[in-house]
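> Following this message is one structure expressed as structure tokens.
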Amino acid sequence: MIRLERVSKRYPNGREALTNVSFFVDRGELLFITGRSGAGKSTLLKVIALLERPTRGTVTINGRNIGALGARHIPAFRRQLGMVFQDHKLLADRPVFDNVALPLVVAATPFKDIDKRVRAALDQVGLLGKERMLPLELSVGEQQRVGIARAVVGKPPLIVADEPTGNLDPDLALEVMRLFRRFSEVGVTVLVATHDVHIVREFGSREIVLTNGELTGGSADPLPSLVASR
Amino acid sequence: MLDSRQLQALLGALGRLARAPLATMFTLLVIGLALALPGALGLLVRNAEAVSGGIGRAVDMTVYLKNGVPLSRAQQLATAARSEPGVASVTVISAGEGLRQFRKYSGFGAALAALKSNPLPNVLRVVPRPRASGPLALEALRRTFAAWPEVDMVQLDTQWVMRFEAIVALVRRLVLLAAVLLGAGVLAVVGNTIRLEILNRSDEIEVTKLVGGSNAFVRRPFVYTGALYGLGGALLAWLILEGAVLALSGPAARLAELYGSGFVLQGLGGRELALLLGGGMALGWLGAWISAFRHLRSFEPRA
């Protein structure tokens with residue numbers, strides 16, 4: 001599904017955020033990317049989501065080298081990808097429904113389908129009935145789940161989440177991670193960057209560890225046992 | 001025409017403008033004034049041309065026959081003059097008639113009464129056809145009559161007609177210049193307004209791009225906003241011009257009346273109105289597009 005080969009990223013200010021990172025993610029896997037703040041987790045996800053381009057190396061998703069994608073094709077690429085952010089990036093002046101519907105609206109989904117699919121996505125994260133509320137009227141955990149509903153509403157084969165539980169207490173964090181696991185169980189590949197090692201231990205999913213931009217721990221290839229068990 | 005997404009963007013743009021009526025009004029006013037100025041100059045030219053079209057009547061040609069050419073000969077010459085191309089009508093003013101008119105209008109009645117004989121010659125008053133009222137045609141006609149042996153002199157003030165036409169040509173050039181400069185001004189005003197709007201809504205743009213919104217999708221509401229600014233400004237300019245015409249038409253009619261002319265101050269015609277509205281909208285659209293194109297690039301991933 002996703003293959004990184006010797007990917008390096010150096011920012012214009014000279015800081016090298018990633019150095020020679022290589023790993024492979026299978027379809028339907030839930031992969032945790034851990035490491036301290038500033039270890040390169042966010043940069044890694046940005047490179048995969050084409051928010052940044054790597055300085056060296058190649059990123060292949062579904063057999064396609066995304067480094068070769070021109071600017072014109074980036075929007076279509078992003079519609080195949082659900083992104084979840086620590087600050088959830090919701091539009092504060094729009095109700096929950098509009099926030100979740102945005103990926104469908106930009107993809108020119110017919111209006112009659114939008115309603116159905118937004119409700120289905122909100123149902124999956126347990127927020128059905130809160131469509132008309134504004135994000136700030138919701139709790140932090142609920143806001144994060146709105147962000148997740150927006151990431152999955154377009155039924156993308158890949159979800160990328162950057163510190164999705166960073167602002168949540170342990171119970172809420174666990175709940176959010178369970179949501180991601182459920183998506184991976186239906187075949188969606190999920191990449192979660194987190195510094196919360198307790199949660200990662202509890203889930204027993206595969207983990208890769210970044211230290212100063214280098215892969216220093218975990219396994220760079222899918223665990224045979226996990227793949228076989230599915 | 002518009003698909004549902006474009007319609008949505010258009011309605012969204014309208015709603016956004018309506019929600020900030022004061023700011024919208026000020027922007028429209030600036031654009032409206034910028035468009036009204038070349039529009040006003042254009043109207044000036046249009047009306048000046050209408051006036052100079054009426055000048056055809058004013059540039060009558062006065063053909064003075066030599067003293068001693070009898071009235072009967074004058075009648076023959078008048079007939080000959082009528083058959084010249086470009087001549088609408090010819091009136092013979094006999095020496096006696098001329099003296100009578102002069103006495104009546106000049107106020108020298110008493111002094112003239114002292115004259116023993118009539119010093120005035122017989123005169124032909126030639127009215128050119130409107131088609132032949134251009135300075136060149138008038139000059140050609142003047143030469144024709146001046147060449148006749150019985151003619152003493154032909155009086156025709158082509159000079160001021162030419163000067164007037166030169167002034168109109170100058171003002172017309174001025175209109176073009178003003179239109180170009182103020183058009184650039186409208187571009188800048190709309191472009192800057194849209195730039196601020198983009199900065200205000202950068203969160204929304206970022207999120208929209210993150211979920212896969214294309215540049216065209218993100219740009220659309222801004223471009224529509226710009227086009228609406230342009231169209232609204234043009235409508236305002238139209239109102240300003242109509243108001244100005246309305247305010248000036250009374251005094252203009254009075255002036256025309258004093259000159260014995262049926263001149264009526266003209267407002268914008270259908271074509272000019274279409275040009276104003278279409279041009280305003282196009283300028284707004286272009287200004288917004290340029291601004292959006294420039295500023296939305298900063299949301300692209302960097303290498």
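By order of appearance in the structure tokens: chains A, B, ..., then residues from 1 within every chain, and ligands from 1 in the order shown.
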Distance cut-off 7 Å, counting only C-alpha atoms - which residues of chain A neighbour chain B? Return them as a list in words.

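Residues of chain A within 7 Å of chain B, counting only C-alpha atoms: Leu50, Leu51, Glu52, Arg53, Pro54, Thr55, Pro75, Ala76, Arg78, Arg79, Lys89, Leu91, Pro103 and Val106 of chain A.
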
> Please write the residues from the selection above to a file, keeping N, CA and C atoms, as an mmCIF file, in the first residue's frame.


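Dumped everything to selection05.cif:
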data_model
loop_
_atom_site.group_PDB
_atom_site.id
_atom_site.type_symbol
_atom_site.label_atom_id
_atom_site.label_comp_id
_atom_site.auth_asym_id
_atom_site.auth_seq_id
_atom_site.Cartn_x
_atom_site.Cartn_y
_atom_site.Cartn_z
ATOM 1 N N LEU A 50 1.507 14.500 0.790
ATOM 2 C CA LEU A 50 1.903 15.502 -0.194
ATOM 3 C C LEU A 50 1.663 16.925 0.282
ATOM 4 N N LEU A 51 1.806 17.130 1.596
ATOM 5 C CA LEU A 51 1.805 18.506 2.090
ATOM 6 C C LEU A 51 3.216 19.064 1.999
ATOM 7 N N GLU A 52 4.181 18.148 1.968
ATOM 8 C CA GLU A 52 5.578 18.495 1.730
ATOM 9 C C GLU A 52 6.105 17.503 0.713
ATOM 10 N N ARG A 53 7.101 17.927 -0.037
ATOM 11 C CA ARG A 53 7.746 16.981 -0.946
ATOM 12 C C ARG A 53 9.098 16.588 -0.349
ATOM 13 N N PRO A 54 9.449 15.297 -0.440
ATOM 14 C CA PRO A 54 10.737 14.879 0.124
ATOM 15 C C PRO A 54 11.883 15.473 -0.685
ATOM 16 N N THR A 55 13.007 15.698 0.014
ATOM 17 C CA THR A 55 14.185 16.205 -0.670
ATOM 18 C C THR A 55 14.827 15.084 -1.482
ATOM 19 N N PRO A 75 -4.941 17.774 -5.768
ATOM 20 C CA PRO A 75 -6.289 17.726 -5.169
ATOM 21 C C PRO A 75 -6.939 16.345 -5.292
ATOM 22 N N ALA A 76 -6.858 15.736 -6.470
ATOM 23 C CA ALA A 76 -7.469 14.411 -6.659
ATOM 24 C C ALA A 76 -6.800 13.387 -5.743
ATOM 25 N N ARG A 78 -5.448 14.000 -2.798
ATOM 26 C CA ARG A 78 -5.856 14.241 -1.407
ATOM 27 C C ARG A 78 -7.263 13.723 -1.139
ATOM 28 N N ARG A 79 -8.083 13.636 -2.193
ATOM 29 C CA ARG A 79 -9.442 13.112 -1.965
ATOM 30 C C ARG A 79 -9.412 11.618 -1.695
ATOM 31 N N LYS A 89 -8.522 21.165 12.893
ATOM 32 C CA LYS A 89 -8.756 22.043 11.738
ATOM 33 C C LYS A 89 -10.201 22.047 11.261
ATOM 34 N N LEU A 91 -13.773 24.195 10.695
ATOM 35 C CA LEU A 91 -14.152 25.579 10.437
ATOM 36 C C LEU A 91 -15.147 26.005 11.506
ATOM 37 N N PRO A 103 -15.322 17.540 2.224
ATOM 38 C CA PRO A 103 -14.632 16.715 1.216
ATOM 39 C C PRO A 103 -15.566 16.245 0.100
ATOM 40 N N VAL A 106 -16.205 19.352 -2.296
ATOM 41 C CA VAL A 106 -15.121 19.647 -3.238
ATOM 42 C C VAL A 106 -15.003 18.552 -4.292
#

> Name the residues of stretch 43-289 of chain B that fall into helix (DSSP H, G or I) according to DSSP on the backbone, using the chain letters and numbers of this document, as a PyMOL selection string.

chain B and resi 43-58+71-82+95-106+109-113+130-132+135-146+158-200+202-210+215-258+270-289

> Using only C-alpha atoms, which residue out of B:Ala147, B:Ala184, B:Leu112, B:Ala237 lies closest to B:Leu29?

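Of all the options, B:Ala237 lies closest to B:Leu29.
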
> Any idea what the distance is between atom CA of A:Ser219 and atom CA of A:Val25?

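These two atoms are separated by 10.3 Å.
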
> Atom CA of A:Phe24 to atom CA of A:Glu5: how many Å, to one decimal?

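Result for atom CA of A:Phe24 versus atom CA of A:Glu5: 8.7 Å, one decimal.
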
> Neighbours of B:Arg254 within 12 Å (only C-alpha atoms; same-chain residues fewer than 5 positions away dropped), as an mmCIF file with N, CA and C atoms, in the first residue's frame?


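Written out: part26.cif:
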data_model
loop_
_atom_site.group_PDB
_atom_site.id
_atom_site.type_symbol
_atom_site.label_atom_id
_atom_site.label_comp_id
_atom_site.auth_asym_id
_atom_site.auth_seq_id
_atom_site.Cartn_x
_atom_site.Cartn_y
_atom_site.Cartn_z
ATOM 1 N N LEU B 248 -28.201 67.948 -14.952
ATOM 2 C CA LEU B 248 -27.718 68.925 -15.931
ATOM 3 C C LEU B 248 -28.720 69.188 -17.043
ATOM 4 N N SER B 249 -29.706 68.303 -17.188
ATOM 5 C CA SER B 249 -30.560 68.408 -18.378
ATOM 6 C C SER B 249 -31.373 69.702 -18.366
ATOM 7 N N TYR B 259 -29.965 79.246 -27.633
ATOM 8 C CA TYR B 259 -29.295 79.179 -28.923
ATOM 9 C C TYR B 259 -30.266 78.787 -30.024
ATOM 10 N N GLY B 260 -31.536 78.581 -29.646
ATOM 11 C CA GLY B 260 -32.535 78.198 -30.633
ATOM 12 C C GLY B 260 -32.314 76.804 -31.166
ATOM 13 N N SER B 261 -31.687 75.952 -30.326
ATOM 14 C CA SER B 261 -31.409 74.599 -30.780
ATOM 15 C C SER B 261 -32.304 73.622 -30.035
ATOM 16 N N GLY B 262 -32.645 72.548 -30.676
ATOM 17 C CA GLY B 262 -33.490 71.535 -30.037
ATOM 18 C C GLY B 262 -32.667 70.479 -29.332
ATOM 19 N N PHE B 263 -31.410 70.833 -29.002
ATOM 20 C CA PHE B 263 -30.493 69.860 -28.404
ATOM 21 C C PHE B 263 -31.004 69.348 -27.055
ATOM 22 N N VAL B 264 -30.930 68.028 -26.883
ATOM 23 C CA VAL B 264 -31.321 67.422 -25.607
ATOM 24 C C VAL B 264 -30.130 66.643 -25.070
ATOM 25 N N LEU B 265 -29.781 66.872 -23.807
ATOM 26 C CA LEU B 265 -28.660 66.175 -23.177
ATOM 27 C C LEU B 265 -28.931 64.670 -23.179
#

> Using only C-alpha atoms, which protein or nucleic acid residues come within 12 Å of A:Val176? Drop anything in the same chain fewer than 2 positions from it, and give the result as a VMD selection string.

chain A and resid 84 86 124 to 126 140 to 149 161 163 to 174 178 to 183 192 199

> Would you export the selected residues with C-alpha atoms as a PDB file, in the first residue's frame, please?


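What follows is the written file out-v2.pdb:
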ATOM      1  CA  VAL A  84      -6.866  13.982  10.993  1.00  0.00           C
ATOM      2  CA  GLN A  86      -4.251  17.332  16.492  1.00  0.00           C
ATOM      3  CA  GLN A 124     -19.662   5.927  12.820  1.00  0.00           C
ATOM      4  CA  VAL A 125     -18.088   8.364  15.281  1.00  0.00           C
ATOM      5  CA  GLY A 126     -21.199   8.483  17.482  1.00  0.00           C
ATOM      6  CA  VAL A 140     -12.806  18.574  22.660  1.00  0.00           C
ATOM      7  CA  GLY A 141     -13.284  14.841  22.193  1.00  0.00           C
ATOM      8  CA  GLU A 142     -16.371  15.418  20.088  1.00  0.00           C
ATOM      9  CA  GLN A 143     -14.543  17.991  17.966  1.00  0.00           C
ATOM     10  CA  GLN A 144     -11.818  15.461  17.301  1.00  0.00           C
ATOM     11  CA  ARG A 145     -14.431  12.920  16.254  1.00  0.00           C
ATOM     12  CA  VAL A 146     -15.977  15.459  13.866  1.00  0.00           C
ATOM     13  CA  GLY A 147     -12.509  15.741  12.340  1.00  0.00           C
ATOM     14  CA  ILE A 148     -12.391  11.961  12.021  1.00  0.00           C
ATOM     15  CA  ALA A 149     -15.862  11.876  10.435  1.00  0.00           C
ATOM     16  CA  ALA A 161      -3.656  11.067  11.695  1.00  0.00           C
ATOM     17  CA  GLU A 163      -1.354  13.307  17.124  1.00  0.00           C
ATOM     18  CA  PRO A 164      -5.127  12.801  17.037  1.00  0.00           C
ATOM     19  CA  THR A 165      -5.253  12.222  20.807  1.00  0.00           C
ATOM     20  CA  GLY A 166      -2.820  14.961  21.804  1.00  0.00           C
ATOM     21  CA  ASN A 167      -5.495  17.068  23.506  1.00  0.00           C
ATOM     22  CA  LEU A 168      -7.593  14.244  24.892  1.00  0.00           C
ATOM     23  CA  ASP A 169      -7.657  12.578  28.283  1.00  0.00           C
ATOM     24  CA  PRO A 170      -6.715   8.864  28.306  1.00  0.00           C
ATOM     25  CA  ASP A 171     -10.282   7.553  28.093  1.00  0.00           C
ATOM     26  CA  LEU A 172     -11.174   9.731  25.123  1.00  0.00           C
ATOM     27  CA  ALA A 173      -7.829   8.939  23.508  1.00  0.00           C
ATOM     28  CA  LEU A 174      -8.525   5.233  23.774  1.00  0.00           C
ATOM     29  CA  ARG A 178     -10.545   2.237  18.793  1.00  0.00           C
ATOM     30  CA  LEU A 179     -12.278   4.128  16.020  1.00  0.00           C
ATOM     31  CA  PHE A 180      -9.106   3.973  13.931  1.00  0.00           C
ATOM     32  CA  ARG A 181      -8.769   0.267  14.626  1.00  0.00           C
ATOM     33  CA  ARG A 182     -12.311  -0.271  13.443  1.00  0.00           C
ATOM     34  CA  PHE A 183     -11.526   1.476  10.174  1.00  0.00           C
ATOM     35  CA  VAL A 192      -1.217   7.390  13.372  1.00  0.00           C
ATOM     36  CA  ILE A 199      -1.843   3.568  24.025  1.00  0.00           C
TER      37      ILE A 199
END

> Please return as a ChimeraX atom specification: the residues of stretch 54-176 of chain B that backbone DSSP assigns to strand (DSSP E or B).

/B:61-65,87-93,123-128,151-155

> Using N, CA and C atoms, can you write the selected residues to a file as a PDB file, in the first residue's frame?


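Contents of the output file selection31.pdb:
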ATOM      1  N   MET B  61     -23.097  79.064 -45.299  1.00  0.00           N
ATOM      2  CA  MET B  61     -22.022  79.732 -46.022  1.00  0.00           C
ATOM      3  C   MET B  61     -22.616  81.022 -46.590  1.00  0.00           C
ATOM      4  N   THR B  62     -21.909  82.071 -46.406  1.00  0.00           N
ATOM      5  CA  THR B  62     -22.410  83.336 -46.946  1.00  0.00           C
ATOM      6  C   THR B  62     -21.573  83.712 -48.167  1.00  0.00           C
ATOM      7  N   VAL B  63     -22.232  83.750 -49.327  1.00  0.00           N
ATOM      8  CA  VAL B  63     -21.523  84.064 -50.582  1.00  0.00           C
ATOM      9  C   VAL B  63     -21.847  85.509 -50.964  1.00  0.00           C
ATOM     10  N   TYR B  64     -20.856  86.384 -50.829  1.00  0.00           N
ATOM     11  CA  TYR B  64     -21.046  87.805 -51.172  1.00  0.00           C
ATOM     12  C   TYR B  64     -20.750  87.991 -52.646  1.00  0.00           C
ATOM     13  N   LEU B  65     -21.754  88.499 -53.363  1.00  0.00           N
ATOM     14  CA  LEU B  65     -21.521  88.771 -54.782  1.00  0.00           C
ATOM     15  C   LEU B  65     -20.859  90.143 -54.903  1.00  0.00           C
ATOM     16  N   VAL B  87     -25.138  70.755 -51.509  1.00  0.00           N
ATOM     17  CA  VAL B  87     -25.878  71.955 -51.128  1.00  0.00           C
ATOM     18  C   VAL B  87     -27.320  71.568 -50.829  1.00  0.00           C
ATOM     19  N   ALA B  88     -27.786  71.990 -49.669  1.00  0.00           N
ATOM     20  CA  ALA B  88     -29.155  71.650 -49.295  1.00  0.00           C
ATOM     21  C   ALA B  88     -30.132  72.706 -49.817  1.00  0.00           C
ATOM     22  N   SER B  89     -29.804  73.955 -49.544  1.00  0.00           N
ATOM     23  CA  SER B  89     -30.706  75.007 -50.015  1.00  0.00           C
ATOM     24  C   SER B  89     -29.931  76.311 -50.207  1.00  0.00           C
ATOM     25  N   VAL B  90     -30.467  77.167 -51.025  1.00  0.00           N
ATOM     26  CA  VAL B  90     -29.837  78.465 -51.261  1.00  0.00           C
ATOM     27  C   VAL B  90     -30.919  79.542 -51.172  1.00  0.00           C
ATOM     28  N   THR B  91     -30.625  80.560 -50.408  1.00  0.00           N
ATOM     29  CA  THR B  91     -31.565  81.674 -50.310  1.00  0.00           C
ATOM     30  C   THR B  91     -30.871  82.929 -50.834  1.00  0.00           C
ATOM     31  N   VAL B  92     -31.593  83.702 -51.603  1.00  0.00           N
ATOM     32  CA  VAL B  92     -31.021  84.963 -52.070  1.00  0.00           C
ATOM     33  C   VAL B  92     -31.447  86.047 -51.091  1.00  0.00           C
ATOM     34  N   ILE B  93     -30.463  86.784 -50.607  1.00  0.00           N
ATOM     35  CA  ILE B  93     -30.770  87.937 -49.759  1.00  0.00           C
ATOM     36  C   ILE B  93     -30.380  89.164 -50.566  1.00  0.00           C
ATOM     37  N   VAL B 123     -26.532  88.851 -51.759  1.00  0.00           N
ATOM     38  CA  VAL B 123     -25.849  87.767 -51.047  1.00  0.00           C
ATOM     39  C   VAL B 123     -26.610  86.457 -51.246  1.00  0.00           C
ATOM     40  N   LEU B 124     -25.855  85.368 -51.386  1.00  0.00           N
ATOM     41  CA  LEU B 124     -26.493  84.037 -51.388  1.00  0.00           C
ATOM     42  C   LEU B 124     -26.190  83.368 -50.046  1.00  0.00           C
ATOM     43  N   ARG B 125     -27.246  82.906 -49.403  1.00  0.00           N
ATOM     44  CA  ARG B 125     -26.971  82.120 -48.188  1.00  0.00           C
ATOM     45  C   ARG B 125     -27.122  80.644 -48.551  1.00  0.00           C
ATOM     46  N   VAL B 126     -25.993  79.905 -48.435  1.00  0.00           N
ATOM     47  CA  VAL B 126     -25.964  78.498 -48.842  1.00  0.00           C
ATOM     48  C   VAL B 126     -25.969  77.620 -47.580  1.00  0.00           C
ATOM     49  N   VAL B 127     -26.921  76.714 -47.524  1.00  0.00           N
ATOM     50  CA  VAL B 127     -26.937  75.758 -46.403  1.00  0.00           C
ATOM     51  C   VAL B 127     -26.446  74.415 -46.929  1.00  0.00           C
ATOM     52  N   PRO B 128     -25.328  73.930 -46.427  1.00  0.00           N
ATOM     53  CA  PRO B 128     -24.823  72.637 -46.911  1.00  0.00           C
ATOM     54  C   PRO B 128     -25.685  71.486 -46.393  1.00  0.00           C
ATOM     55  N   VAL B 151     -18.462  86.298 -57.818  1.00  0.00           N
ATOM     56  CA  VAL B 151     -18.384  86.229 -56.360  1.00  0.00           C
ATOM     57  C   VAL B 151     -17.241  87.078 -55.834  1.00  0.00           C
ATOM     58  N   ASP B 152     -17.547  87.870 -54.865  1.00  0.00           N
ATOM     59  CA  ASP B 152     -16.531  88.704 -54.242  1.00  0.00           C
ATOM     60  C   ASP B 152     -15.777  87.896 -53.193  1.00  0.00           C
ATOM     61  N   MET B 153     -16.520  87.354 -52.253  1.00  0.00           N
ATOM     62  CA  MET B 153     -15.877  86.508 -51.223  1.00  0.00           C
ATOM     63  C   MET B 153     -16.894  85.542 -50.624  1.00  0.00           C
ATOM     64  N   VAL B 154     -16.347  84.450 -50.094  1.00  0.00           N
ATOM     65  CA  VAL B 154     -17.206  83.469 -49.425  1.00  0.00           C
ATOM     66  C   VAL B 154     -16.799  83.433 -47.967  1.00  0.00           C
ATOM     67  N   GLN B 155     -17.776  83.674 -47.100  1.00  0.00           N
ATOM     68  CA  GLN B 155     -17.427  83.671 -45.679  1.00  0.00           C
ATOM     69  C   GLN B 155     -17.860  82.343 -45.039  1.00  0.00           C
TER      70      GLN B 155
END

> I'd like the neighbourhood of A:Val209 as a ChimeraX atom specification, where a residue qualifies if any of its atoms comes within 7 Å (using only C-alpha atoms), though same-chain residues fewer than 3 positions away should be ignored.

/A:33-35,215-218

> Include C-alpha atoms and write out the residues we just selected as a compact mmCIF listing (two decimals), in the first residue's frame.


# COMPACT_ATOMS: atom_id res chain seq x y z
CA ILE A 33 4.57 6.21 14.29
CA THR A 34 6.07 7.16 17.62
CA GLY A 35 8.90 9.30 18.84
CA LEU A 215 14.04 5.14 11.93
CA THR A 216 15.43 3.71 15.17
CA GLY A 217 12.94 1.16 16.32
CA GLY A 218 9.91 -0.92 15.57

> Residues within 7 Å of B:Ala234, please, as a count of residues only. Count only C-alpha atoms; anything in the same chain fewer than 4 positions from it doesn't count.

7

> Which residue out of A:Asn62, A:Asp93, A:Arg150, A:Arg132 has the minimum interatomic distance to A:Val118 when only C-alpha atoms are used?

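Among the listed residues, the smallest separation from A:Val118 belongs to A:Arg150.
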
> Of the residues A:Asp113, A:Thr189, A:Ala17, A:Phe32, which is the one nearest to A:Glu207, using only C-alpha atoms?

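Using only C-alpha atoms, the shortest distance to A:Glu207 belongs to A:Phe32.
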
> As an exercise, work out the distance from atom CA of A:Thr58 to atom CA of A:Gly14 in Å and give it to one decimal place.

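Separation of atom CA of A:Thr58 and atom CA of A:Gly14: 20.2 Å.
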